[in-house]
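Shown here: entry.csv, CSV, C-alpha atoms.
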chain,number,residue,atom,x,y,z
P,1,MET,CA,-137.3,92.6,73.6
P,2,PRO,CA,-135.6,95.6,75.2
P,3,THR,CA,-131.9,95.1,76.2
P,4,THR,CA,-130.6,96.3,79.5
P,5,PRO,CA,-127.4,98.5,79.3
P,6,PHE,CA,-124.3,96.7,80.5
P,7,LEU,CA,-123.8,99.0,83.5
P,8,ASN,CA,-127.4,98.7,84.6
P,9,ARG,CA,-127.3,94.9,84.7
P,10,PRO,CA,-127.8,93.7,88.3
P,11,GLU,CA,-124.7,91.5,88.4
P,12,VAL,CA,-122.6,94.3,87.2
P,13,ARG,CA,-124.1,96.7,89.8
P,14,SER,CA,-123.5,94.1,92.5
P,15,TYR,CA,-120.1,92.7,91.6
P,16,GLY,CA,-118.7,95.6,89.6
P,17,PRO,CA,-117.7,98.0,92.5
P,18,PRO,CA,-115.8,95.5,94.6
P,19,ILE,CA,-114.0,94.1,91.5
P,20,LEU,CA,-113.2,97.7,90.4
P,21,PHE,CA,-111.8,98.4,93.8
P,22,LEU,CA,-109.6,95.3,93.6
P,23,ILE,CA,-108.4,96.3,90.1
P,24,LEU,CA,-107.7,99.9,91.3
P,25,GLY,CA,-105.8,98.6,94.3
P,26,ILE,CA,-103.7,96.4,92.1
P,27,ILE,CA,-103.1,99.3,89.6
P,28,LEU,CA,-102.1,101.6,92.5
P,29,LEU,CA,-99.6,99.0,93.9
P,30,ALA,CA,-98.2,98.4,90.4
P,31,LEU,CA,-97.9,102.0,89.3
P,32,VAL,CA,-97.0,103.7,92.6
P,33,ALA,CA,-95.9,101.3,95.3
P,34,PHE,CA,-93.6,98.9,93.5
P,35,PRO,CA,-91.6,101.5,91.4
P,36,ASN,CA,-91.1,103.7,94.4
P,37,LEU,CA,-90.0,100.7,96.4
P,38,GLY,CA,-87.1,100.2,94.0
P,39,ARG,CA,-86.5,103.9,94.1
P,40,ILE,CA,-86.3,103.9,97.9
P,41,GLN,CA,-83.6,101.2,97.7
P,42,ASP,CA,-81.6,103.3,95.2
P,43,LEU,CA,-82.1,106.4,97.4
P,44,ASN,CA,-81.0,104.6,100.5
P,45,SER,CA,-77.9,103.4,98.8
P,46,GLU,CA,-77.2,107.0,97.4
P,47,ILE,CA,-77.8,108.5,100.9
P,48,ALA,CA,-75.3,106.0,102.4
P,49,THR,CA,-72.8,106.9,99.7
P,50,GLU,CA,-73.3,110.6,100.1
P,51,GLU,CA,-73.0,110.4,103.9
P,52,THR,CA,-69.7,108.5,103.6
P,53,ARG,CA,-68.6,111.1,101.0
P,54,ILE,CA,-69.5,113.9,103.3
P,55,THR,CA,-67.5,112.3,106.2
P,56,SER,CA,-64.5,112.0,103.9
P,57,LEU,CA,-64.9,115.5,102.6
P,58,LYS,CA,-65.1,116.9,106.2
P,59,GLU,CA,-62.0,114.9,107.2
P,60,LYS,CA,-60.2,116.3,104.1
P,61,ASN,CA,-61.3,119.8,105.0
P,62,THR,CA,-60.2,119.5,108.6
P,63,LYS,CA,-56.8,118.1,107.3
P,64,LEU,CA,-56.5,120.9,104.8
P,65,LEU,CA,-57.2,123.5,107.5
P,66,ASP,CA,-54.6,121.9,109.7
P,67,LEU,CA,-52.1,121.9,106.9
P,68,ALA,CA,-52.9,125.5,105.9
P,69,SER,CA,-51.7,126.5,109.4
P,70,GLN,CA,-48.4,124.9,108.5
P,71,SER,CA,-48.1,126.4,105.1
P,72,ASN,CA,-44.6,127.8,105.7
P,73,GLU,CA,-43.3,124.3,106.5
P,74,ILE,CA,-45.1,122.9,103.4
P,75,ASP,CA,-43.6,125.6,101.2
P,76,LYS,CA,-40.1,124.8,102.5
P,77,SER,CA,-40.5,121.1,102.2
P,78,PHE,CA,-42.0,121.4,98.7
P,79,SER,CA,-39.1,123.5,97.6
P,80,SER,CA,-36.6,120.8,98.8
P,81,PHE,CA,-38.6,118.0,97.0
P,82,ASP,CA,-39.2,120.2,94.0
P,83,GLN,CA,-35.4,120.7,93.8
P,84,ALA,CA,-34.9,116.9,93.6
P,85,ILE,CA,-37.8,116.0,91.4
P,86,ALA,CA,-39.0,119.1,89.5
P,87,SER,CA,-42.6,119.8,88.6
P,88,GLU,CA,-41.7,120.3,85.0
P,89,SER,CA,-38.9,119.0,82.8
P,90,LYS,CA,-36.7,122.1,83.3
P,91,VAL,CA,-34.1,120.8,80.8
P,92,PRO,CA,-32.0,124.0,80.6
P,93,GLU,CA,-31.6,124.0,84.4
P,94,LEU,CA,-30.8,120.3,84.3
P,95,LEU,CA,-28.1,120.8,81.7
P,96,ALA,CA,-26.7,123.7,83.7
P,97,GLU,CA,-26.6,121.6,86.8
P,98,VAL,CA,-24.7,118.8,85.0
P,99,GLN,CA,-22.3,121.4,83.6
P,100,LYS,CA,-21.7,122.8,87.1
P,101,ILE,CA,-21.1,119.3,88.6
P,102,SER,CA,-18.6,118.7,85.7
P,103,ASN,CA,-16.9,122.0,86.4
P,104,ALA,CA,-16.7,121.3,90.1
P,105,CYS,CA,-14.9,118.0,89.4
P,106,GLY,CA,-12.7,119.5,86.8
P,107,VAL,CA,-13.7,117.4,83.8
P,108,LYS,CA,-14.1,118.6,80.3
P,109,VAL,CA,-17.6,118.1,78.9
P,110,THR,CA,-17.4,117.0,75.3
P,111,THR,CA,-21.1,116.1,74.8
P,112,LEU,CA,-24.1,117.2,76.8
P,113,GLN,CA,-27.4,116.9,75.0
P,114,PHE,CA,-31.1,116.3,75.8
P,115,SER,CA,-32.2,113.1,74.2
P,116,GLY,CA,-35.9,112.9,75.1
P,117,GLU,CA,-38.5,112.2,77.7
P,118,ALA,CA,-40.3,109.1,78.7
P,119,LYS,CA,-43.0,108.2,81.2
P,120,GLN,CA,-41.8,106.0,84.0
P,121,GLN,CA,-44.0,102.9,84.6
P,122,GLY,CA,-46.4,103.4,87.5
P,123,GLY,CA,-47.1,106.8,89.1
P,124,ASN,CA,-46.9,110.3,87.7
P,125,VAL,CA,-43.1,110.4,87.1
P,126,GLN,CA,-41.5,111.5,83.8
P,127,GLU,CA,-37.9,110.8,82.9
P,128,VAL,CA,-35.6,113.2,81.1
P,129,HIS,CA,-32.8,111.6,79.3
P,130,LEU,CA,-29.4,113.2,78.6
P,131,GLN,CA,-26.4,112.0,76.6
P,132,TYR,CA,-23.2,113.0,78.2
P,133,ALA,CA,-19.5,112.6,77.5
P,134,ILE,CA,-16.5,113.9,79.3
P,135,GLU,CA,-12.7,113.8,79.4
P,136,GLY,CA,-10.5,113.9,82.4
P,137,SER,CA,-8.6,111.7,84.8
P,138,PHE,CA,-9.9,108.6,86.6
P,139,SER,CA,-10.0,110.4,90.0
P,140,LYS,CA,-12.0,113.2,88.3
P,141,LEU,CA,-14.4,110.6,86.9
P,142,THR,CA,-15.0,109.1,90.4
P,143,CYS,CA,-15.5,112.6,91.7
P,144,LEU,CA,-18.0,113.2,88.9
P,145,VAL,CA,-20.0,110.0,89.5
P,146,SER,CA,-20.2,110.5,93.3
P,147,SER,CA,-21.2,114.2,92.8
P,148,ILE,CA,-24.0,113.2,90.3
P,149,GLU,CA,-25.2,110.6,92.8
P,150,ASN,CA,-25.3,113.2,95.6
P,151,ALA,CA,-26.7,116.1,93.5
P,152,SER,CA,-29.8,117.9,94.9
P,153,ARG,CA,-31.7,117.3,91.6
P,154,LEU,CA,-31.9,113.5,91.3
P,155,ILE,CA,-29.8,112.3,88.4
P,156,ASP,CA,-29.4,108.6,87.8
P,157,ILE,CA,-26.6,107.2,85.6
P,158,GLU,CA,-28.2,104.7,83.4
P,159,SER,CA,-25.1,103.5,81.7
P,160,LEU,CA,-21.4,104.4,82.0
P,161,ARG,CA,-18.6,103.4,79.8
P,162,TYR,CA,-15.1,104.8,80.0
P,163,ASN,CA,-11.8,104.2,78.3
P,164,THR,CA,-8.3,105.3,79.2
P,165,ASN,CA,-6.0,106.6,76.5
P,166,VAL,CA,-2.3,107.0,77.3
P,167,ASN,CA,-0.3,109.6,75.5
P,168,GLN,CA,2.8,107.6,74.3
P,169,GLU,CA,5.0,110.6,74.4
P,170,THR,CA,4.1,112.2,77.8
P,171,GLY,CA,2.7,109.0,79.4
P,172,ALA,CA,-0.3,111.0,80.6
P,173,ALA,CA,-3.6,109.0,80.9
P,174,THR,CA,-6.8,110.6,79.8
P,175,VAL,CA,-10.2,109.0,80.6
P,176,SER,CA,-13.0,109.4,78.1
P,177,ALA,CA,-16.4,108.5,79.5
P,178,GLN,CA,-19.8,108.3,77.9
P,179,ALA,CA,-22.9,108.1,80.0
P,180,THR,CA,-26.7,108.2,79.7
P,181,LEU,CA,-28.2,110.3,82.5
P,182,VAL,CA,-31.8,110.2,83.6
P,183,SER,CA,-33.4,112.9,85.7
P,184,TYR,CA,-37.1,113.1,86.8
P,185,TYR,CA,-40.0,115.3,87.2
P,186,THR,CA,-43.7,114.9,88.2
P,187,ASN,CA,-46.6,116.6,86.5
P,188,GLU,CA,-48.8,118.9,88.5
P,189,PRO,CA,-51.2,116.7,90.5
P,190,ILE,CA,-54.8,116.6,89.2
P,191,LEU,CA,-57.0,117.8,92.1
P,192,SER,CA,-60.2,116.0,92.9
P,193,PRO,CA,-62.3,116.7,96.0
P,194,ASP,CA,-62.7,113.0,96.5
P,195,THR,CA,-59.0,112.2,96.6
P,196,PRO,CA,-58.1,111.8,100.3
P,197,ILE,CA,-55.0,113.4,101.7
P,198,SER,CA,-52.8,110.8,103.3
P,199,PHE,CA,-49.8,113.0,103.7
P,200,SER,CA,-48.5,113.6,107.2
P,201,PHE,CA,-45.4,115.5,108.4
P,202,SER,CA,-44.7,112.6,110.8
P,203,ASP,CA,-44.6,110.0,108.1
P,204,LEU,CA,-41.4,108.1,108.5
P,205,SER,CA,-40.7,107.8,104.8
P,206,TYR,CA,-41.3,111.5,104.3
P,207,THR,CA,-39.0,112.6,107.2
P,208,ARG,CA,-36.3,110.2,106.0
P,209,ASN,CA,-36.5,111.6,102.5
P,210,LEU,CA,-36.4,115.2,103.7
P,211,GLU,CA,-33.3,114.4,105.8
P,212,LEU,CA,-31.8,112.7,102.8
P,213,LEU,CA,-32.5,115.7,100.5
P,214,ASN,CA,-30.9,118.0,103.0
P,215,SER,CA,-27.7,116.0,102.8
P,216,PHE,CA,-27.6,116.4,99.0
P,217,LYS,CA,-25.5,119.2,97.4
P,218,VAL,CA,-27.1,122.0,95.5
P,219,TYR,CA,-25.1,123.1,92.5
U,1,MET,CA,-135.7,53.2,118.2
U,2,VAL,CA,-136.8,55.7,115.5
U,3,GLU,CA,-134.0,57.8,113.9
U,4,LYS,CA,-134.6,61.5,113.7
U,5,SER,CA,-134.3,62.9,110.2
U,6,SER,CA,-133.5,66.6,109.6
U,7,ILE,CA,-136.2,68.5,108.0
U,8,GLU,CA,-135.2,71.4,105.7
U,9,LEU,CA,-137.8,74.1,105.9
U,10,ILE,CA,-135.9,76.8,104.0
U,11,PRO,CA,-136.3,76.6,100.3
U,12,LYS,CA,-133.2,75.9,98.2
U,13,GLU,CA,-133.6,79.2,96.2
U,14,VAL,CA,-133.7,81.3,99.4
U,15,GLU,CA,-130.6,79.5,100.8
U,16,SER,CA,-128.7,80.1,97.5
U,17,ALA,CA,-129.7,83.8,97.5
U,18,ARG,CA,-128.4,84.1,101.1
U,19,GLY,CA,-125.1,82.4,100.1
U,20,LYS,CA,-124.7,84.8,97.2
U,21,GLU,CA,-125.5,87.8,99.4
U,22,LEU,CA,-122.8,86.7,101.9
U,23,LEU,CA,-120.3,86.2,99.1
U,24,LEU,CA,-121.1,89.6,97.7
U,25,ARG,CA,-120.8,91.2,101.1
U,26,ARG,CA,-117.4,89.6,101.6
U,27,LEU,CA,-116.3,90.6,98.2
U,28,ARG,CA,-117.3,94.2,98.9
U,29,VAL,CA,-115.4,94.2,102.2
U,30,TRP,CA,-112.3,92.6,100.6
U,31,GLY,CA,-112.4,94.8,97.5
U,32,PHE,CA,-112.8,98.1,99.5
U,33,GLY,CA,-110.3,96.9,102.1
U,34,PHE,CA,-107.7,96.0,99.5
U,35,PHE,CA,-108.2,99.4,97.8
U,36,ILE,CA,-107.8,101.3,101.1
U,37,LEU,CA,-104.7,99.2,102.0
U,38,SER,CA,-103.2,99.9,98.5
U,39,ILE,CA,-103.7,103.6,99.1
U,40,LEU,CA,-102.1,103.4,102.5
U,41,ILE,CA,-99.1,101.3,101.2
U,42,SER,CA,-98.6,103.4,98.1
U,43,GLY,CA,-99.0,106.7,100.1
U,44,GLY,CA,-96.5,105.4,102.7
U,45,ILE,CA,-94.0,104.3,100.1
U,46,LEU,CA,-94.4,107.6,98.1
U,47,THR,CA,-94.0,109.7,101.3
U,48,PHE,CA,-90.9,107.7,102.4
U,49,SER,CA,-89.5,108.0,98.9
U,50,LEU,CA,-90.1,111.8,98.9
U,51,VAL,CA,-88.5,112.1,102.4
U,52,ASN,CA,-85.4,110.2,101.2
U,53,ALA,CA,-85.2,112.3,98.0
U,54,THR,CA,-85.3,115.5,100.1
U,55,LYS,CA,-82.7,114.1,102.5
U,56,LEU,CA,-80.5,113.2,99.5
U,57,ASP,CA,-80.9,116.7,98.1
U,58,SER,CA,-79.8,118.2,101.4
U,59,LEU,CA,-76.8,115.8,101.6
U,60,LYS,CA,-75.8,116.8,98.1
U,61,GLN,CA,-76.0,120.5,99.1
U,62,GLU,CA,-73.8,119.7,102.1
U,63,SER,CA,-71.3,117.9,99.8
U,64,ALA,CA,-71.2,120.9,97.5
U,65,LYS,CA,-70.5,123.1,100.5
U,66,GLN,CA,-67.7,120.9,101.6
U,67,ILE,CA,-66.3,120.8,98.0
U,68,ALA,CA,-66.4,124.6,97.8
U,69,GLN,CA,-64.4,124.8,101.0
U,70,ILE,CA,-61.9,122.3,99.6
U,71,THR,CA,-61.6,124.3,96.4
U,72,GLN,CA,-60.6,127.3,98.5
U,73,SER,CA,-57.6,125.4,99.7
U,74,ALA,CA,-56.6,124.2,96.2
U,75,ASP,CA,-53.1,125.7,96.5
U,76,ILE,CA,-52.3,123.8,99.8
U,77,GLU,CA,-53.8,120.7,98.4
U,78,SER,CA,-51.8,120.9,95.2
U,79,LYS,CA,-48.5,121.3,97.2
U,80,VAL,CA,-49.4,118.5,99.7
U,81,LEU,CA,-50.3,116.1,96.9
U,82,GLY,CA,-47.2,117.1,95.0
U,83,LEU,CA,-45.1,116.6,98.1
U,84,SER,CA,-46.6,113.2,98.7
U,85,GLU,CA,-46.1,112.2,95.0
U,86,LYS,CA,-42.5,113.4,95.0
U,87,SER,CA,-41.7,111.7,98.3
U,88,VAL,CA,-43.0,108.4,97.0
U,89,ALA,CA,-41.1,108.8,93.7
U,90,LEU,CA,-37.9,109.7,95.5
U,91,THR,CA,-38.1,106.6,97.6
U,92,ARG,CA,-38.7,104.5,94.5
U,93,ILE,CA,-35.9,106.2,92.5
U,94,LEU,CA,-33.3,106.0,95.2
U,95,SER,CA,-34.1,102.4,96.2
U,96,GLN,CA,-33.9,101.3,92.6
U,97,ARG,CA,-30.7,103.4,91.8
U,98,ASP,CA,-27.5,101.6,91.0
U,99,TYR,CA,-24.6,103.5,92.5
U,100,PHE,CA,-21.8,103.2,90.0
U,101,SER,CA,-19.4,104.9,92.3
U,102,ILE,CA,-19.4,101.6,94.4
U,103,ALA,CA,-18.3,99.7,91.3
U,104,LEU,CA,-15.6,102.2,90.4
U,105,ALA,CA,-14.3,102.3,93.9
U,106,THR,CA,-14.3,98.5,94.3
U,107,VAL,CA,-12.5,97.9,91.0
U,108,GLU,CA,-9.9,100.6,92.0
U,109,LYS,CA,-9.5,99.0,95.4
U,110,SER,CA,-8.8,95.6,93.8
U,111,ARG,CA,-6.4,96.9,91.3
U,112,PRO,CA,-2.7,95.9,92.0
U,113,VAL,CA,0.0,98.5,91.4
U,114,GLY,CA,1.3,98.0,87.8
U,115,LEU,CA,-2.0,97.0,86.4
U,116,ARG,CA,-4.0,99.5,84.5
U,117,VAL,CA,-7.7,99.4,84.1
U,118,LYS,CA,-8.3,100.9,80.6
U,119,GLY,CA,-12.1,100.8,80.6
U,120,ASN,CA,-15.2,99.7,82.3
U,121,THR,CA,-18.7,99.3,81.1
U,122,LEU,CA,-21.6,99.6,83.6
U,123,GLU,CA,-25.3,99.5,82.9
U,124,ALA,CA,-28.1,100.0,85.4
U,125,GLY,CA,-30.0,96.8,86.2
U,126,LYS,CA,-27.3,94.5,84.8
U,127,THR,CA,-25.4,92.1,87.1
U,128,SER,CA,-22.1,92.0,85.2
U,129,VAL,CA,-19.4,94.5,84.6
U,130,VAL,CA,-16.9,94.4,81.8
U,131,ILE,CA,-13.4,95.5,82.8
U,132,ASP,CA,-10.6,95.8,80.3
U,133,GLY,CA,-7.1,96.7,81.0
U,134,GLU,CA,-3.4,95.9,80.5
U,135,THR,CA,-0.5,94.7,82.6
U,136,ALA,CA,3.1,93.9,82.1
U,137,SER,CA,2.9,91.0,84.5
U,138,TYR,CA,0.6,88.0,84.6
U,139,VAL,CA,1.2,87.9,88.3
U,140,ASN,CA,-0.6,91.2,88.6
U,141,LEU,CA,-3.4,89.9,86.5
U,142,ALA,CA,-3.8,86.9,88.7
U,143,ALA,CA,-3.7,89.1,91.8
U,144,PHE,CA,-6.3,91.4,90.3
U,145,LEU,CA,-8.6,88.4,89.6
U,146,GLN,CA,-8.1,87.2,93.2
U,147,ASN,CA,-8.7,90.7,94.7
U,148,LEU,CA,-11.9,91.2,92.8
U,149,VAL,CA,-13.5,88.3,94.7
U,150,SER,CA,-11.5,88.7,98.0
U,151,SER,CA,-13.9,89.4,100.9
U,152,THR,CA,-11.7,92.3,102.1
U,153,LYS,CA,-11.6,94.0,98.6
U,154,GLY,CA,-13.8,93.4,95.6
U,155,GLY,CA,-15.7,90.5,97.2
U,156,VAL,CA,-18.1,93.0,98.9
U,157,LEU,CA,-19.5,93.6,95.4
U,158,PHE,CA,-18.4,90.9,93.1
U,159,SER,CA,-19.4,87.3,93.5
U,160,GLY,CA,-17.5,85.9,90.5
U,161,VAL,CA,-15.0,86.9,87.8
U,162,ALA,CA,-14.3,85.4,84.4
U,163,LEU,CA,-11.3,86.2,82.3
U,164,THR,CA,-12.8,86.6,78.9
U,165,SER,CA,-9.6,87.2,76.9
U,166,VAL,CA,-5.9,87.9,77.3
U,167,ASN,CA,-3.8,89.1,74.4
U,168,LEU,CA,-0.1,89.8,74.5
U,169,ASN,CA,0.6,93.1,72.8
U,170,ALA,CA,4.2,92.7,71.8
U,171,SER,CA,4.6,96.4,70.7
U,172,LYS,CA,3.6,97.6,74.1
U,173,GLY,CA,5.1,94.7,76.0
U,174,ALA,CA,1.9,94.2,77.9
U,175,ALA,CA,-0.9,91.8,78.1
U,176,GLU,CA,-4.3,93.2,77.3
U,177,PHE,CA,-7.2,91.5,79.1
U,178,VAL,CA,-11.0,91.6,79.4
U,179,ILE,CA,-12.7,90.5,82.5
U,180,GLU,CA,-16.4,89.9,83.1
U,181,ALA,CA,-17.2,90.3,86.8
U,182,THR,CA,-20.5,89.2,88.2
U,183,MET,CA,-22.0,91.4,90.9
U,184,GLN,CA,-23.9,90.3,93.9
U,185,LYS,CA,-27.6,90.9,93.9
U,186,ASP,CA,-28.3,94.5,94.6
U,187,GLY,CA,-24.6,95.0,95.0
U,188,LEU,CA,-24.8,98.6,93.6
U,189,LYS,CA,-27.8,99.5,95.7
U,190,LYS,CA,-27.7,101.5,99.0
U,191,SER,CA,-30.1,101.4,101.8
U,192,LEU,CA,-32.0,104.7,102.2
U,193,THR,CA,-31.6,104.7,105.9
U,194,LYS,CA,-27.9,103.9,105.7
U,195,GLU,CA,-27.5,106.8,103.3
U,196,VAL,CA,-28.8,109.3,105.8
U,197,ALA,CA,-26.4,108.0,108.5
U,198,PRO,CA,-23.2,110.2,108.8

Can the structure from this file be put into structure tokens for me?
Amino acid sequence: MPTTPFLNRPEVRSYGPPILFLILGIILLALVAFPNLGRIQDLNSEIATEETRITSLKEKNTKLLDLASQSNEIDKSFSSFDQAIASESKVPELLAEVQKISNACGVKVTTLQFSGEAKQQGGNVQEVHLQYAIEGSFSKLTCLVSSIENASRLIDIESLRYNTNVNQETGAATVSAQATLVSYYTNEPILSPDTPISFSFSDLSYTRNLELLNSFKVY
Amino acid sequence: MVEKSSIELIPKEVESARGKELLLRRLRVWGFGFFILSILISGGILTFSLVNATKLDSLKQESAKQIAQITQSADIESKVLGLSEKSVALTRILSQRDYFSIALATVEKSRPVGLRVKGNTLEAGKTSVVIDGETASYVNLAAFLQNLVSSTKGGVLFSGVALTSVNLNASKGAAEFVIEATMQKDGLKKSLTKEVAP
């Protein structure tokens, strides 16, 4: 008995095409529609992120252009702040400043040495430590402490210890003091286009600090 | 009354063939319709996806353009960020600073004539100060202890004093003493706004 080929069977010829269309439709949806549906969601999210980013970048650009027009003022302010908190350790300059302050108060420096650096917790501030010892009178010591506190390069006294020795013959009192001094510097900022600029010349904290720095003495 | 009974004239086979024909027709319509609908849905989604991808590309180009402009102002940006960082650091450093000049001045202000402060130990962040000295008179020592906590003298800084030791140095004819004075909280700090004031 002759066998009919599968594709020529009447039920295949009748039901085959609609079932094939159904299967093709399902395949199309599975391979094209559903994956792209997920991609659309991702793209929409990326578009929203990119639009927000562009808005921030435009704001930053506008702000930078505005600040560029005030570059002289920025340079002047930066110079004042850089004098207080340097952009690098500048240890020789720091030692020279401490020596100048000591000379201004008339004390004799017996020890002045750099004793290392440390990173301050939080922020981008590095500490420079100095060991310092002097000899002089009590009034000179108070002059020295006040002068260090009001020096244009910020120097903190971390510890201070002094002793008074009296010369039995002359009766003259000599104060010997030892101190640990800490000065500061910030590293060059790492620039990123996405970092917003929040700085403003009218910021109260900034204007107060600038005023404060102008009251400090440059040695 | 005689009930009417329905008479089926169409043969069962013909009725079954018609049913199959109807089912087949519906299946063809549904199959083809579903296929067309799938093409439309997939095409729509694909087009929308391509449009969004193109939009994202153009947004990225715009971002790159803005970044290029920002890079041109790198020098200003570096100074402004540096300024901002330094200002924040300055506020923090000065607000946390212990002004030892306050302690030295307060001890000196409280010291009676005839009493000598031989030494002083101050450490940032600590609330106590060790003062050692000598005096020929216990009356002076008592006055010193009183002055250190007196509201018009040392009391502005010190909240309490404790005499740790007193030794009579016979060769000198003076009493050597050690005092531990406790400072008020933030007694050595200065307000940043006050500091600016003349």

Could you list, as a CSV table (one decimal) with C-alpha atoms, in the frame of the given file, every residue within 12 Å of Ile102 (chain U), counting all atoms listed in the file and ignoring same-chain residues fewer than 3 positions away?
chain,number,residue,atom,x,y,z
P,142,THR,CA,-15.0,109.1,90.4
P,143,CYS,CA,-15.5,112.6,91.7
P,145,VAL,CA,-20.0,110.0,89.5
P,146,SER,CA,-20.2,110.5,93.3
P,149,GLU,CA,-25.2,110.6,92.8
U,97,ARG,CA,-30.7,103.4,91.8
U,98,ASP,CA,-27.5,101.6,91.0
U,99,TYR,CA,-24.6,103.5,92.5
U,105,ALA,CA,-14.3,102.3,93.9
U,106,THR,CA,-14.3,98.5,94.3
U,107,VAL,CA,-12.5,97.9,91.0
U,108,GLU,CA,-9.9,100.6,92.0
U,109,LYS,CA,-9.5,99.0,95.4
U,122,LEU,CA,-21.6,99.6,83.6
U,153,LYS,CA,-11.6,94.0,98.6
U,154,GLY,CA,-13.8,93.4,95.6
U,156,VAL,CA,-18.1,93.0,98.9
U,157,LEU,CA,-19.5,93.6,95.4
U,158,PHE,CA,-18.4,90.9,93.1
U,183,MET,CA,-22.0,91.4,90.9
U,186,ASP,CA,-28.3,94.5,94.6
U,187,GLY,CA,-24.6,95.0,95.0
U,188,LEU,CA,-24.8,98.6,93.6
U,189,LYS,CA,-27.8,99.5,95.7
U,190,LYS,CA,-27.7,101.5,99.0

For Gln83 (chain P), which of U:Lys60, U:Glu134, U:Leu90, U:Ile70 is the closest residue, counting all atoms listed in the file?
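Comparing U:Lys60, U:Glu134, U:Leu90, U:Ile70 against Gln83 (chain P), the winner is U:Leu90.
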
Could you check which of U:Pro112, U:Gly31, U:Gly173, U:Gly155 is closest to chain P, using only C-alpha atoms?
U:Gly31

Taking a cut-off of 7 Å and counting only C-alpha atoms, can you build a table that, for each residue of chain U near chain P, reports the nearest atom pair and how far apart they are in Å (one decimal), sorted by chain then residue number, as a Markdown table?
| residue | atom | partner | partner_atom | distance |
| --- | --- | --- | --- | --- |
| U:Leu24 | CA | P:Tyr15 | CA | 6.9 |
| U:Leu27 | CA | P:Pro18 | CA | 6.1 |
| U:Arg28 | CA | P:Pro18 | CA | 4.7 |
| U:Gly31 | CA | P:Pro18 | CA | 4.5 |
| U:Phe32 | CA | P:Phe21 | CA | 5.8 |
| U:Phe34 | CA | P:Gly25 | CA | 6.1 |
| U:Phe35 | CA | P:Gly25 | CA | 4.3 |
| U:Ser38 | CA | P:Gly25 | CA | 5.1 |
| U:Ile41 | CA | P:Ala33 | CA | 6.7 |
| U:Ser42 | CA | P:Ala33 | CA | 4.4 |
| U:Ile45 | CA | P:Ala33 | CA | 6.0 |
| U:Leu46 | CA | P:Asn36 | CA | 6.3 |
| U:Ser49 | CA | P:Ile40 | CA | 5.3 |
| U:Asn52 | CA | P:Leu43 | CA | 6.3 |
| U:Ala53 | CA | P:Leu43 | CA | 6.7 |
| U:Leu56 | CA | P:Ile47 | CA | 5.6 |
| U:Leu59 | CA | P:Glu50 | CA | 6.4 |
| U:Lys60 | CA | P:Glu50 | CA | 7.0 |
| U:Ser63 | CA | P:Ile54 | CA | 5.6 |
| U:Gln66 | CA | P:Leu57 | CA | 6.2 |
| U:Ile67 | CA | P:Pro193 | CA | 6.1 |
| U:Ile70 | CA | P:Asn61 | CA | 6.0 |
| U:Ser73 | CA | P:Leu64 | CA | 6.9 |
| U:Ile76 | CA | P:Ala68 | CA | 6.4 |
| U:Glu77 | CA | P:Leu64 | CA | 6.9 |
| U:Ser78 | CA | P:Pro189 | CA | 6.3 |
| U:Lys79 | CA | P:Phe78 | CA | 6.7 |
| U:Val80 | CA | P:Phe199 | CA | 6.8 |
| U:Leu81 | CA | P:Pro189 | CA | 6.5 |
| U:Gly82 | CA | P:Pro189 | CA | 6.0 |
| U:Leu83 | CA | P:Phe78 | CA | 5.7 |
| U:Ser84 | CA | P:Phe199 | CA | 5.9 |
| U:Lys86 | CA | P:Phe81 | CA | 6.4 |
| U:Ser87 | CA | P:Tyr206 | CA | 6.0 |
| U:Arg97 | CA | P:Asp156 | CA | 6.7 |
| U:Ser101 | CA | P:Ser146 | CA | 5.7 |
| U:Leu104 | CA | P:Thr142 | CA | 6.9 |
| U:Lys118 | CA | P:Thr164 | CA | 4.6 |
| U:Gly119 | CA | P:Asn163 | CA | 4.1 |
| U:Asn120 | CA | P:Tyr162 | CA | 5.6 |
| U:Thr121 | CA | P:Arg161 | CA | 4.3 |
| U:Leu122 | CA | P:Leu160 | CA | 5.1 |
| U:Glu123 | CA | P:Ser159 | CA | 4.2 |
| U:Ala124 | CA | P:Glu158 | CA | 5.1 |
| U:Val196 | CA | P:Leu212 | CA | 5.4 |

Spatial neighbours of Ala118 (chain P), max dist 7 Å, only C-alpha atoms, sep filter under 3 positions, as a list of chain:residue names:
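Counting only the stated atoms, we get P:Gln126, P:Glu127, P:Val128.
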
So what do you get for CA of Ala174 (chain U) versus CA of Lys140 (chain P), distance-wise?
25.7 Å

Å distance separating CA of Arg116 (chain U) from CA of Asn167 (chain P), one decimal place
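The value is 14.0 Å.
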
Nearest-residue call for Thr110 (chain P), choices P:Ser45, P:Gly136, P:Lys90, P:Val12, using all atoms listed in the file
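Using all atoms listed in the file, Thr110 (chain P) sits closest to P:Gly136.
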
To one decimal place in Å, what is the distance between CA of Ala136 (chain U) and CA of Lys172 (chain U)?
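Pair CA of Ala136 (chain U) / CA of Lys172 (chain U) returns 8.8 Å.
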
Val113 (chain U) proximity check over U:Ala181, U:Ala64, U:Ala143, U:Val129, using only C-alpha atoms: winner is U:Ala143
